[in-house]
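This report concerns only the one structure given below.
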Amino acid sequence: MRAFAGEAIHGTVTLSRLLDCFVARAPRNDSLVAKIIKYTKVFTYSFTMGKRLQHFWLKLLFFFSVIGPGIIAANADNDAGGISTYSVVGAHFGIKMLWVLFLITFSLAVTQEMGVRIGLVTRQGLGGVIRENFGVRWTTFAMFVMLIANLGTMTAEFAGIGSAFSIFGISKYIAVPLSAIAVWFILYRGSFKTTQKIFLVFSAFYLVYIINGFIIKPDFNEAALALIKPTLEFTAPFLLTMIALIGTTITPWGQFFIQSYVVDKGLNLKHYKIEKSEVFIGAFITNIVSFFIIISTAYTLYKAGIRITDAKDAAMALAPIAGEFAKFLFGFGLFVASMLGALILPVATAYAVCEAFGFEYGFDKKWKEARIFYGIILLAVVLPAILVLIPSLPLIKVMVLSQVVNGILLPIILIFVLKIINNKNIMGEHINKPIGNIIAWLTVVGIIAATVILVVSSFFYKF
Amino acid sequence: MFFFSTIINAPVQDKNDEPVGKLKDVAIELAKGKKFPSVVGLMVRNRKEKRDFYISAEKVAAWSHDGLVLNTSSVEAENVQPKDGILFLGKHIVDKQIVDLAGVRVVRVNDLQFGPVQNQMCLLAIDVSTSGLLRRIGLRTPADGWLKPHLLEWNQAHLIGDRLQLSKGREDLVRLHPADIANIVEKLNIRQGSSLLRSLDKSTAAKVMEEVSPRIQKMLIQHLGSERAAVILEKMSMDELVDLIQLLPSRESQEIIEKLPAQKDIGKVKKILAYHENEAGGLMTTEFISAQPHTVVSEVVEKIKRDSHQHRSIHFVYVVDEKKHYLGVASLRRLIIADPKQTIKSIMKRSRRTPVVNAEQKVMEIAATMTKYNLLSIAVLDNNRKLLGVVTVDDIMRHLVPNA
């Protein structure tokens, strides 16, 4: 558009020339194929635009537009790492950890609400806010922490894809590279938003666990008691799994995601109340699902003394509802959940880093303009995919361990969030109330304490 | 010359080499007509007494990487409060977002470069490069390596203030093409974007608004509120305005239509609103130059000169009778070639020879007709052959390439 001094004009392209190119590409009316295309177009057009149906589509569109950040983030929480961690929690420790799940439901609601509030007040992503208030060194540190956590979670997603396909008898050496290419292709060329919505719809798969949870007729009294009665074992496997449970429910990336979602949608402080309740509902729903996954595995696998070593074992928990079909149902669910995470994470990571450091970002940019943006996405897709391809890697363990990494790194991000939300210069009158601070700090202290005890106890425990 | 990152936290000594404190921040004054803003003061922190105090720049005898030396020994007595109209670099500029006017992009300030200009310490440039980032972390990069600092001159940057409104840089921003400003607005958050929009003059803001993507347009309108939005919208062309109003929920669009000034023909807005955006009626603009058949060419030219500012572009004059029935079209080229005394009827292309579309025709059909006959714009008629509006080629292109 702009001509600079020293650039010679070779010619001009007029709009009507351009239009010629476009219309020339439209099918001519003389071939059979063209006719079919034309009539399909007319058909779909009248289908979508016909008055009554238009109404229907509008309604559907509206439905998707009100599914807000809270529910999306909460749903994406139950990704590959989530499903496998909850399954392992139930299969290896029964209902002993339900009290942790109960407590972190509040932590999840409170931390996500804080993210929403910071987003609404500062109108910036978490990366940007950290940069403007803590300077470059702390930003680099925070970004490094987030990158490690997210690369770990991406590894879990690809491990999820690998184990999902192993159920169908397809080798991970085929499934993982193909999925990595698909993820890259969808992100780079396709419509990320539409795809995300499709997978979101598929993730209704979790309903299966809820129904299953009733079919197996668990002792709900016992389970309810376990929700409020703390049981703690000072062994490395217990603490490790507990940290994974926390780390997969409250995630560093979830904290970044919810805040940039609010900013990106251009929401106002007047939306705060709606967003707050949505975040709370989201936290509640996601942990209801988690509750039923744990129950399902606890009352089937744990009772039978089956330990989860690969996806097929975890799938057995769904046998009461699906019988022979359980394997395939679980495989499908795991795949969908993994893909949803794999589509969100690379972009969320790249956005946060670029926002914090002021690099150019966005899919409307060319490779040359936004090298770092595309570079991070590519790294977040390729490196984890390669890691998963290491022969005889225990995929379930990888998924759980990645959540342990998330859990151990989480306090660092949460401390940044707490520092920001209690700063009057940033938040004005919207600083935290004492109750929010108490819950969030208890979460931070709880994870750190668990980590310290884990490190200490692992000296005395032989794996 | 030195960088902000290398002098921050440097020790400050008085003239007897007694330590005064550490440098915490540097203040500059924005002055009109000056290429480089000069340093007017320092914020120094005394660790022992745990307090910050301000020292004006005249008291600094020497600047160096190792520290600053003052030319006085009585700092305490001169505990001057900073004046209005000055900026603290660390607080207001470093790490914040700015618009790089040369590169048309939004970047973050990684570092700042200082140097003496006419015996006065001045802010010379803004470092937005990765090497600036590394310098802030404390890593040194080889001076002639592949990571060269990317320095923006102060006047090539537009500061985006969330709270502080800066007049500086506005004139420079207006020099950009509205489409480029629109890209910048899309990159900013909604508050920064709307404050940037409001800092522009009304007609530039309207042009920028036309180029912003529909999703962001909607957000901007809602953030500005109908009152302030209407001020910008009134300067927009009719078809773009209608497109925008269609995006909004009905209550908000009603509010905006009510707030628009009377000279914007609301009847026309509502008429276009009745059509689907894929149809000629929805694509067309109702702003075009028309003339009665017996007007002479010189009169028409006068009319174009008079009304030119109201129109985005003028390529054709449409000839209609007193009941607005379409008779024909005359291109500017024909007008220029013709004898000023000729009537427009005698030079126009008659309606029989010029293709037209009706208001319900679809965008691809219009595109096909325009391509076939090599038209830049096409008349839209109702069933009684009354001229409703005009679809121009850029409206079609916008439809085919929505995200440009």
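Note on naming: chains are A, B, ... as they come in the structure tokens, residues start from 1 per chain, ligands start from 1 in the order shown.
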
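Contacts from chain A to chain B at a cut-off of 6 Å (only C-alpha atoms) map to Asp20, Glu132, Arg137, Gly266 and Gly358 of chain A.
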
- [ ] Please identify which residues in region 311-399 of chain B DSSP calls strand (DSSP E or B) from the backbone, and express them as a ChimeraX atom specification.
- [x] /B:316-320,325-331,343,349-350,356-358,362,377-381,386-392

Open item on the list: Need to verify the contact set: Lys419 (chain A), 12 Å, only C-alpha atoms, exclusion of same-chain residues closer than 3 positions in sequence. Can you return it as a PyMOL selection string?
Closed with: chain A and resi 114+118+126+129-130+133-134+411-416+422-427+431-432+437+440-441

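Near Ile314 (chain B), within 9 Å and counting only C-alpha atoms, sit Phe288, Ile289, Ile304, Ser308 and Leu332 of chain B; same-chain residues fewer than 6 positions away were not included.
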
TODO: For Pro37 (chain B), please output as a ChimeraX atom specification all residues within 6 Å (counting only C-alpha atoms; exclusion window: fewer than 2 positions along the same chain).
DONE: /B:29-30,122-123

TODO: State, in Å with one decimal place, the distance from CA of Asp219 (chain A) to CA of Tyr299 (chain A).
DONE: 8.8 Å

Open item on the list: For Ala229 (chain B), find every residue with an atom within 8 Å (counting only C-alpha atoms), except residues of its own chain fewer than 5 positions away, and show them as a list of chain:residue names.
Closed with: B:Ile221, B:Leu224, B:Ile256

Task: Residues near Lys35 (chain B), cut-off 9 Å, only C-alpha atoms, skip fewer than 5 positions along chain, as number ranges by chain - done: B: 124, 154-155

Hey, can you spit out that residue selection with N, CA and C atoms as an mmCIF file, in the first residue's frame?
```
data_model
loop_
_atom_site.group_PDB
_atom_site.id
_atom_site.type_symbol
_atom_site.label_atom_id
_atom_site.label_comp_id
_atom_site.auth_asym_id
_atom_site.auth_seq_id
_atom_site.Cartn_x
_atom_site.Cartn_y
_atom_site.Cartn_z
ATOM 1 N N LEU B 124 17.360 9.695 23.557
ATOM 2 C CA LEU B 124 17.588 9.663 22.117
ATOM 3 C C LEU B 124 16.685 8.668 21.406
ATOM 4 N N TRP B 154 12.640 8.668 19.010
ATOM 5 C CA TRP B 154 11.549 9.051 19.899
ATOM 6 C C TRP B 154 10.316 9.489 19.121
ATOM 7 N N ASN B 155 10.521 10.246 18.054
ATOM 8 C CA ASN B 155 9.355 10.763 17.334
ATOM 9 C C ASN B 155 8.771 9.757 16.340
#
```

- [ ] Using backbone DSSP assignments, extract all helix (DSSP H, G or I) residues from region 111-225 of chain B; output them as an MDAnalysis selection string.
- [x] chainID B and resid 130:137 154:156 170:174 178:187 190:199 202:211 214:225
